[in-house]
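These notes concern the structure reproduced below.
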Amino acid sequence: MKVIKWLVIALFILCVAFAAYISLFFNPNDFKPQIIEFVKEKTGRQLSIKDDLTWTFFPHMGIKLGGISLSNPQGFEYPQMLQVREAVADVELLPLLQKAVIVQQLKLDGLTFILETQADGHSGLDGLTSTNEAQSGSTDTSSKADMAANISRLEIGGIAITNSQVLMVNQQTNSEQVFSLNELTLGRFQLGEFATIDYELTAKLPDMVLKSEGQGAVRLDKQMQNVKVKDLEIKNEIKTIGSDKPAFPLELILQVAVDLKNKSLSLGMNDIAAMDLHGSANIDANYGKKIPDLAIKLDFDELNVDTLSAAMSADTKNASKQSKEAPKEQLKEPDLSALKKVNVNAEVTIKSVKMNNLKSTNWNMKAQLQNGILNMRSLTADLYKGQLVASASLDAQQAIPRYSFKKSITGVEIRPLLQDAADVGLLAGLTNLSIEGKGSSFIPDNIKQNLIASGKFEVVDGALYGINIPQMLRQAQAKLTGANVTAGNEEKKTDFTRLTGSFNIAKGVVSNDDLIMASPLIRINGQGSVNIVTQALDYQLLTKVVGSLEGQGGQGSNTLKGIDIPLKITGTVSAPKFALDTDALLKGKVKQEADKLEKKLKDKLLDKLGGL
C-alpha cells in the first residue's frame with residue numbers, strides 16, 4: 001500500500017512539474033502574432049485575440065482562448081463578422097507525435113456570426129479565400145486531400161457550443177434574420193464513425209419565429225469528403241409574428257448525405273407530421289454548378305391546404321383589414337427572381353387534397369423549372385367522382401410574369417363541387433369541361449382583367465336549381481286562359497337531359513352565345529354573360545314547350561306549345577333572379593293565334609276557290 005501511495009504522489013508531482021515547465025517555458029501568447037498574420041494572409045481579414053491564451057491542465061491538457069473576433073471588410077455596418085467569447089480545446093499531446101489529433105473536449109461559448117449583405121450584393125463572405133487559392137480551382141480539393149493524408153487519426157471526445165448566435169442582415173431586402181443556438185453538443189467523434197448530435201435553437205425571421213430541437217447521429221469519412229447525418233429527429237414549432245393563433249407544429253426524421261468532392265447532396269425527410277399532414281420527401285441536389293440542379297419527390301397521405309395556410313398565416317381579420325386600407329398603387333408583382341436561381345425536376349403524389357373546401361384524391365403532378373420558366377407537364381386527380389387533367393406554364397423571366405394553362409374535367413358531379421367551392425348550388429349533373437387560356441400579372445385585380453380563355457362544357461342528366469320553368473309556364477298558361485292560378489309547393493328545380501355550350505373569357509367577363517338545354521318538356525336556347533369581378537349574371541333565354549303540360553300539373557290543353565317564351569336571369573351567381581317576360585309571352589301568344597286565324601282564312605278561301 002505504501003508503494004502505491006508513493007507512486008501516486010510521484011505521478012502527481014511529475015504532472016505538476018510538467019505543467020509548471022510548460023507554463024514557464026512555452027507561453028502560447030508568443031504564437032499570437034503568427035496566428036494573426038496567418039489569418040490575415042489566408043483571408044485578408046483582421047483577427048483579434050483580446051484575452052491572453054492560457055494552458056489548461058485539468059482534467060486534460062489544453063489551451064483556452066477568449067475575446068476572439070474576425071473583421072468584416074471596410075464599409076460594412078457591422079465591423080466584426082465573427083466573435084467568440086471563449087474557446088477551450090483539450091488535446092492529448094503524445095498522439096500528436098504519431099500524426100493523430102485527439103481532442104478530449106472542444107468548447108465554444110458566446111459565438112456570434114454576422115453575415116451582412118450590402119445593397120450592391122456584396123457580403124461579408126466575399127474575398128475570404130486567398131489570392132493563390134483563387135488562381136487555382138483545385139487548391140481546395142488538394143488541400144483537403146493533403147490534410148487527410150497528414151492526419152492518421154482524428155478523434156474528438158465531444159463538442160459543446162453554447163449561447164451562440166447567427167445574424168443575417170440583408171440591406172437589399174431590408175430584412176434581418178436571427179438564429180440563436182442555445183446548445184449544440186456532439187458526442188465522441190472519430191473519422192469514419194457515427195457520433196451523436198443534438199441541438200436546440202430559435203430562429204426569428206421577418207414574419208415568424210421558429211423553435212427547433214433535434215437529436216441524431218453524424219459521420220465524416222476518413223478522407224473528409226463525405227458527411228452523413230442519420231436519423232436526426234427534429235421537432236419544430238412555428239409561430240407567426242403578430243398572430244394570436246397557436247404555434248404550428250412540424251416533426252420529421254432527417255437523413256442527409258453530402259459529397260464534398262462532387263458537390264452533391266441527398267436529403268431525405270421521413271415521417272413528416274404537421275397537424276393533419278403526413279408523408280415523406282426526398283431531395284437530390286448538385287450544387288457545384290452556377291445554377292444548382294434539384295430533383296424533388298414528395299409523397300403525402302392527406303393535405304389540407306386550408307388548415308395549413310390558416311395555421312401559418314397571420315390573423316386573417318387583420319390581414320384583410322390591412323389589404324382593404326392599402327391603396328391600390330402599393331400593390332406590386334410578387335418577386336419571382338428566385339425561380340431563376342435553381343433548376344428543378346419535381347414529382348408530387350398526394351392521396352387526398354382539400355383546398356378552398358374542394359376535395360380531391362389521387363393527385364399526381366410532374367413539373368420542371370428551368371431558367372426561370374416553370375412547366376407543370378401533367379397534373380391528374382380524381383375529383384367528385386370524375387377526373388381532372390391539367391397542364392400549365394409560368395414564365396418568370398420578365399418583370400410581369402406570364403402564364404398559360406390547359407385543363408379538362410370529365411364525369412364530375414358539378415353541384416357538390418360548386419357548393420364546396422363557392423357555396424353555390426345552381427347546377428347539378430355529370431359535367432365535362434375543357435378550358436384553355438393565358439394571362440399575365442399576379443396582382444389580384446389584374447388576374448381577372450388580363451385572363452383570356454375559351455372552352456366548352458356539357459352537363460347531362462342534370463337540373464337547374466332556383467327555378468321551376470315548367471311551373472312558371474303552367475302559371476303563365478293559366479293566366480292566358482283565365483284559369484285559376486295555383487302557386488303549388490313544387491321544388492324550384494328544372495330537370496334536363498343535356499346542357500351544352502361554349503364560352504370565352506376576356507376583361508373579366510365570361511361570355512356564352514350558344515347555350516342549349518334540352519328536356520322531354522322544353523327546349524332552351526340562350527346567350528349571356530357572367531362578370532368574374534362582380535359575379536353579376538345577365539342571361540337572355542328563349543324557352544319553347546315541345547311536350548305536353550298534361551300530367552305535369554297542367555290543366556287543359558297546352559296553349560303555349562311552340563311559342564318562344566323569353567326568360568331573363570339576373571342577380572349574381574350566388575343569388576340568381578329568374579323572371580318570365582309575360583309581355584313578350586302575351587305578344588307571342590297573340591301572334592300565334594293571329595297566325596292560326598290567318599291560316600284558317602287561307603284554308604277557307606282555298607276551299608271556296610276550289611269549289612268554283
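Each chain in the C-alpha cells gets a letter, A, B and so on, in the order shown; residues start at 1 in every chain, and ligands are counted from 1 in the order they appear.
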### Message
Please list as an MDAnalysis selection string every residue within 8 Å of Ser180 (chain A), counting only C-alpha atoms and excluding residues in the same chain fewer than 2 positions away.
### Response
chainID A and resid 163:166 178 182 201:203
### Task
Determine, counting only C-alpha atoms, which protein, DNA and RNA residues have an atom within 6 Å of an atom of Ser266 (chain A); residues of the same chain fewer than 6 positions away are not included. Present the result as a list of chain:residue names.
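Counting only the stated atoms, we get A:Val256, A:Ala257, A:Ile283, A:Asp284.
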### Task
Going by DSSP on the backbone, which bits of region 445-522 of chain A are strand (DSSP E or B)? Write them as a ChimeraX atom specification, please.
/A:452-465,493-506,509-518,522
Would you output that residue set with N, CA, C and O atoms, as a compact mmCIF listing (two decimals), in the first residue's frame?
```
# COMPACT_ATOMS: atom_id res chain seq x y z
N ILE A 452 -57.36 35.62 -70.58
CA ILE A 452 -58.02 35.35 -71.85
C ILE A 452 -58.12 33.83 -71.98
O ILE A 452 -57.11 33.13 -71.94
N ALA A 453 -59.34 33.32 -72.14
CA ALA A 453 -59.52 31.87 -72.19
C ALA A 453 -60.76 31.53 -72.99
O ALA A 453 -61.63 32.37 -73.25
N SER A 454 -60.84 30.28 -73.38
CA SER A 454 -62.00 29.77 -74.08
C SER A 454 -62.19 28.31 -73.72
O SER A 454 -61.23 27.63 -73.33
N GLY A 455 -63.43 27.85 -73.86
CA GLY A 455 -63.69 26.46 -73.52
C GLY A 455 -65.10 26.05 -73.89
O GLY A 455 -65.86 26.83 -74.48
N LYS A 456 -65.44 24.85 -73.52
CA LYS A 456 -66.78 24.34 -73.78
C LYS A 456 -67.18 23.40 -72.65
O LYS A 456 -66.32 22.87 -71.92
N PHE A 457 -68.49 23.19 -72.52
CA PHE A 457 -68.98 22.37 -71.42
C PHE A 457 -70.18 21.54 -71.88
O PHE A 457 -70.87 21.87 -72.85
N GLU A 458 -70.41 20.49 -71.13
CA GLU A 458 -71.57 19.61 -71.35
C GLU A 458 -72.00 19.04 -70.01
O GLU A 458 -71.18 18.53 -69.25
N VAL A 459 -73.28 19.19 -69.70
CA VAL A 459 -73.85 18.62 -68.48
C VAL A 459 -75.00 17.71 -68.88
O VAL A 459 -75.91 18.13 -69.62
N VAL A 460 -74.98 16.48 -68.41
CA VAL A 460 -76.02 15.52 -68.76
C VAL A 460 -76.75 15.06 -67.51
O VAL A 460 -76.18 15.01 -66.41
N ASP A 461 -78.04 14.73 -67.72
CA ASP A 461 -78.90 14.21 -66.63
C ASP A 461 -78.79 15.11 -65.41
O ASP A 461 -78.51 14.67 -64.29
N GLY A 462 -79.06 16.41 -65.64
CA GLY A 462 -78.87 17.38 -64.57
C GLY A 462 -80.12 18.16 -64.24
O GLY A 462 -81.24 17.82 -64.64
N ALA A 463 -79.90 19.23 -63.50
CA ALA A 463 -81.02 20.08 -63.07
C ALA A 463 -80.49 21.49 -62.83
O ALA A 463 -79.34 21.68 -62.42
N LEU A 464 -81.38 22.46 -63.10
CA LEU A 464 -81.10 23.86 -62.80
C LEU A 464 -81.90 24.21 -61.56
O LEU A 464 -83.13 24.14 -61.55
N TYR A 465 -81.20 24.60 -60.47
CA TYR A 465 -81.86 24.87 -59.20
C TYR A 465 -82.17 26.36 -59.06
O TYR A 465 -81.48 27.21 -59.63
N LYS A 493 -86.83 23.63 -59.19
CA LYS A 493 -85.81 22.87 -59.90
C LYS A 493 -86.32 22.52 -61.28
O LYS A 493 -87.48 22.15 -61.45
N THR A 494 -85.47 22.66 -62.28
CA THR A 494 -85.81 22.31 -63.64
C THR A 494 -84.89 21.20 -64.11
O THR A 494 -83.67 21.42 -64.25
N ASP A 495 -85.42 20.03 -64.33
CA ASP A 495 -84.62 18.90 -64.80
C ASP A 495 -84.37 19.02 -66.30
O ASP A 495 -85.20 19.53 -67.05
N PHE A 496 -83.21 18.51 -66.72
CA PHE A 496 -82.92 18.47 -68.15
C PHE A 496 -82.08 17.24 -68.46
O PHE A 496 -81.46 16.64 -67.57
N THR A 497 -82.09 16.87 -69.72
CA THR A 497 -81.31 15.71 -70.15
C THR A 497 -79.91 16.11 -70.63
O THR A 497 -78.96 15.35 -70.49
N ARG A 498 -79.80 17.35 -71.16
CA ARG A 498 -78.50 17.76 -71.69
C ARG A 498 -78.42 19.29 -71.71
O ARG A 498 -79.36 19.96 -72.12
N LEU A 499 -77.26 19.79 -71.28
CA LEU A 499 -76.97 21.23 -71.30
C LEU A 499 -75.59 21.41 -71.91
O LEU A 499 -74.61 20.88 -71.39
N THR A 500 -75.49 22.17 -73.01
CA THR A 500 -74.20 22.33 -73.68
C THR A 500 -73.96 23.80 -74.01
O THR A 500 -74.89 24.63 -74.03
N GLY A 501 -72.71 24.10 -74.31
CA GLY A 501 -72.37 25.45 -74.71
C GLY A 501 -70.87 25.64 -74.75
O GLY A 501 -70.08 24.77 -74.35
N SER A 502 -70.47 26.79 -75.27
CA SER A 502 -69.06 27.18 -75.28
C SER A 502 -68.96 28.58 -74.67
O SER A 502 -69.97 29.28 -74.53
N PHE A 503 -67.75 28.99 -74.29
CA PHE A 503 -67.60 30.28 -73.63
C PHE A 503 -66.23 30.88 -73.93
O PHE A 503 -65.28 30.19 -74.31
N ASN A 504 -66.16 32.19 -73.74
CA ASN A 504 -64.91 32.94 -73.85
C ASN A 504 -64.77 33.83 -72.63
O ASN A 504 -65.77 34.33 -72.10
N ILE A 505 -63.53 34.02 -72.19
CA ILE A 505 -63.25 34.88 -71.04
C ILE A 505 -62.32 35.99 -71.50
O ILE A 505 -61.25 35.72 -72.06
N ALA A 506 -62.72 37.24 -71.28
CA ALA A 506 -61.89 38.38 -71.63
C ALA A 506 -62.32 39.57 -70.78
O ALA A 506 -63.52 39.80 -70.57
N VAL A 509 -64.92 39.07 -68.01
CA VAL A 509 -66.29 38.69 -68.32
C VAL A 509 -66.30 37.35 -69.05
O VAL A 509 -65.55 37.16 -70.02
N VAL A 510 -67.16 36.44 -68.60
CA VAL A 510 -67.38 35.16 -69.28
C VAL A 510 -68.59 35.30 -70.18
O VAL A 510 -69.69 35.61 -69.70
N SER A 511 -68.39 35.10 -71.48
CA SER A 511 -69.47 35.24 -72.45
C SER A 511 -69.83 33.88 -73.04
O SER A 511 -68.97 33.08 -73.35
N ASN A 512 -71.14 33.65 -73.19
CA ASN A 512 -71.65 32.40 -73.75
C ASN A 512 -72.77 32.73 -74.74
O ASN A 512 -73.75 33.37 -74.37
N ASP A 513 -72.62 32.32 -76.00
CA ASP A 513 -73.59 32.67 -77.04
C ASP A 513 -74.38 31.49 -77.58
O ASP A 513 -75.23 31.67 -78.46
N ASP A 514 -74.12 30.28 -77.11
CA ASP A 514 -74.76 29.12 -77.71
C ASP A 514 -75.26 28.12 -76.67
O ASP A 514 -75.09 26.91 -76.81
N LEU A 515 -75.88 28.65 -75.63
CA LEU A 515 -76.41 27.77 -74.59
C LEU A 515 -77.63 27.01 -75.13
O LEU A 515 -78.54 27.59 -75.70
N ILE A 516 -77.62 25.69 -74.95
CA ILE A 516 -78.73 24.84 -75.37
C ILE A 516 -79.06 23.89 -74.22
O ILE A 516 -78.17 23.18 -73.72
N MET A 517 -80.32 23.89 -73.82
CA MET A 517 -80.77 22.95 -72.78
C MET A 517 -81.97 22.19 -73.32
O MET A 517 -82.92 22.79 -73.84
N ALA A 518 -81.92 20.88 -73.20
CA ALA A 518 -82.99 20.02 -73.72
C ALA A 518 -83.54 19.14 -72.63
O ALA A 518 -82.80 18.62 -71.79
N ILE A 522 -89.30 20.81 -72.51
CA ILE A 522 -88.95 22.13 -73.02
C ILE A 522 -87.59 22.10 -73.72
O ILE A 522 -86.80 21.17 -73.52
```
### Message
Please report the interatomic distance between CA of Glu200 (chain A) and CA of Val169 (chain A) in Å with one decimal.
### Response
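Interatomic distance here is 22.1 Å.
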### Message
Excluding Ile569 (chain A) and its own-chain neighbours fewer than 6 positions away, which residues fall within 6 Å of it when counting only C-alpha atoms? Please give them as a list of chain:residue names.
### Response
A:Asp538, A:Tyr539, A:Lys577, A:Phe578
Please, which residues in region 255-296 of chain A fall within 10 Å of region 360-380 of chain A when counting only C-alpha atoms, and what is the closest atom pair and distance in Å to one decimal for each, ordered by chain then residue number, as a tab-separated table?
```
residue	atom	partner	partner_atom	distance
A:Ile291	CA	A:Asn371	CA	8.7
A:Asp293	CA	A:Gln370	CA	9.3
A:Leu294	CA	A:Leu369	CA	9.4
A:Ala295	CA	A:Gln368	CA	9.4
A:Ile296	CA	A:Ala367	CA	9.8
```
Save out the residues we just selected, all heavy atoms, as a short mmCIF file (atom, residue, chain, number, x, y, z; two decimals), in the first residue's frame.
```cif
data_model
loop_
_atom_site.label_atom_id
_atom_site.label_comp_id
_atom_site.auth_asym_id
_atom_site.auth_seq_id
_atom_site.Cartn_x
_atom_site.Cartn_y
_atom_site.Cartn_z
N ILE A 291 -25.89 27.39 -61.53
CA ILE A 291 -27.30 27.26 -61.15
C ILE A 291 -27.52 25.83 -60.67
O ILE A 291 -27.42 24.88 -61.46
CB ILE A 291 -28.23 27.57 -62.35
CG1 ILE A 291 -28.01 29.00 -62.83
CG2 ILE A 291 -29.69 27.36 -61.96
CD1 ILE A 291 -28.88 29.38 -64.02
N ASP A 293 -28.89 22.17 -59.55
CA ASP A 293 -29.93 21.28 -60.05
C ASP A 293 -30.55 20.54 -58.86
O ASP A 293 -29.82 19.99 -58.02
CB ASP A 293 -29.37 20.26 -61.04
CG ASP A 293 -28.98 20.92 -62.35
OD1 ASP A 293 -29.64 21.89 -62.75
OD2 ASP A 293 -28.02 20.45 -63.00
N LEU A 294 -31.88 20.52 -58.82
CA LEU A 294 -32.59 19.81 -57.75
C LEU A 294 -33.54 18.79 -58.35
O LEU A 294 -34.19 19.05 -59.37
CB LEU A 294 -33.39 20.78 -56.88
CG LEU A 294 -32.64 21.86 -56.10
CD1 LEU A 294 -33.63 22.68 -55.29
CD2 LEU A 294 -31.61 21.23 -55.17
N ALA A 295 -33.63 17.63 -57.70
CA ALA A 295 -34.64 16.63 -58.04
C ALA A 295 -35.45 16.38 -56.76
O ALA A 295 -34.89 15.98 -55.73
CB ALA A 295 -33.99 15.34 -58.52
N ILE A 296 -36.74 16.67 -56.83
CA ILE A 296 -37.59 16.63 -55.64
C ILE A 296 -38.71 15.60 -55.86
O ILE A 296 -39.35 15.57 -56.91
CB ILE A 296 -38.21 18.01 -55.35
CG1 ILE A 296 -37.10 19.05 -55.14
CG2 ILE A 296 -39.12 17.95 -54.14
CD1 ILE A 296 -37.63 20.45 -54.97
#
```
### Query
Leaving out Val424 (chain A) and any residue of its chain fewer than 4 positions from it, which residues lie within 8 Å of it when counting only C-alpha atoms, given as a PyMOL selection string?
chain A and resi 415+418-420+573-574
Suppose we keep N, CA and C atoms; can you now write the selection as a PDB file, in the first residue's frame?
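And here is the file that came out, selection-v9.pdb:
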```pdb
ATOM      1  N   ARG A 415     -72.671  19.780 -58.906  1.00  0.00           N
ATOM      2  CA  ARG A 415     -73.319  20.518 -57.818  1.00  0.00           C
ATOM      3  C   ARG A 415     -72.520  20.473 -56.509  1.00  0.00           C
ATOM      4  N   LEU A 418     -69.570  22.837 -56.892  1.00  0.00           N
ATOM      5  CA  LEU A 418     -69.904  24.256 -56.789  1.00  0.00           C
ATOM      6  C   LEU A 418     -70.249  24.646 -55.354  1.00  0.00           C
ATOM      7  N   GLN A 419     -70.917  23.751 -54.651  1.00  0.00           N
ATOM      8  CA  GLN A 419     -71.270  24.052 -53.262  1.00  0.00           C
ATOM      9  C   GLN A 419     -70.029  24.167 -52.388  1.00  0.00           C
ATOM     10  N   ASP A 420     -69.060  23.271 -52.579  1.00  0.00           N
ATOM     11  CA  ASP A 420     -67.831  23.323 -51.782  1.00  0.00           C
ATOM     12  C   ASP A 420     -66.945  24.496 -52.182  1.00  0.00           C
ATOM     13  N   VAL A 573     -74.203  35.173 -59.152  1.00  0.00           N
ATOM     14  CA  VAL A 573     -74.033  33.726 -59.195  1.00  0.00           C
ATOM     15  C   VAL A 573     -74.560  33.084 -57.918  1.00  0.00           C
ATOM     16  N   SER A 574     -74.309  33.730 -56.783  1.00  0.00           N
ATOM     17  CA  SER A 574     -74.750  33.151 -55.507  1.00  0.00           C
ATOM     18  C   SER A 574     -76.220  33.428 -55.224  1.00  0.00           C
TER      19      SER A 574
END
```
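Take the candidates A:Leu47, A:Leu427, A:Ile532, A:Ile197 and check each one against Ile414 (chain A) using only C-alpha atoms; the shortest distance goes to A:Leu427.
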### Task
DSSP on the backbone, then: every residue of region 392-534 of chain A marked helix (DSSP H, G or I), written as a list in words.
Ile414, Arg415, Pro416, Leu417, Leu418, Gln419, Asp420, Ala421, Ala422, Pro444, Asp445, Asn446, Ile447, Lys448, Gln449, Asn450, Ile469, Pro470, Gln471, Met472, Leu473, Arg474, Gln475, Ala476, Gln477, Ala478, Lys479, Leu480 and Thr481 of chain A
### Query
Which residues, written as a ChimeraX atom specification, have at least one atom at most 10 Å from region 233-237 of chain A, with only C-alpha atoms counted and residues fewer than 6 positions away on the same chain left out?
/A:198-202,209-217,246-255,269-274
### Query
What gap, in Å, lies between CA of Gln46 (chain A) and CA of Gln225 (chain A)?
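Straight-line distance from CA of Gln46 (chain A) to CA of Gln225 (chain A) works out to 29.4 Å.
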### Task
For CA of Arg219 (chain A) and CA of Leu184 (chain A), quote the distance in Å rounded to one decimal.
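Interatomic distance here is 15.7 Å.
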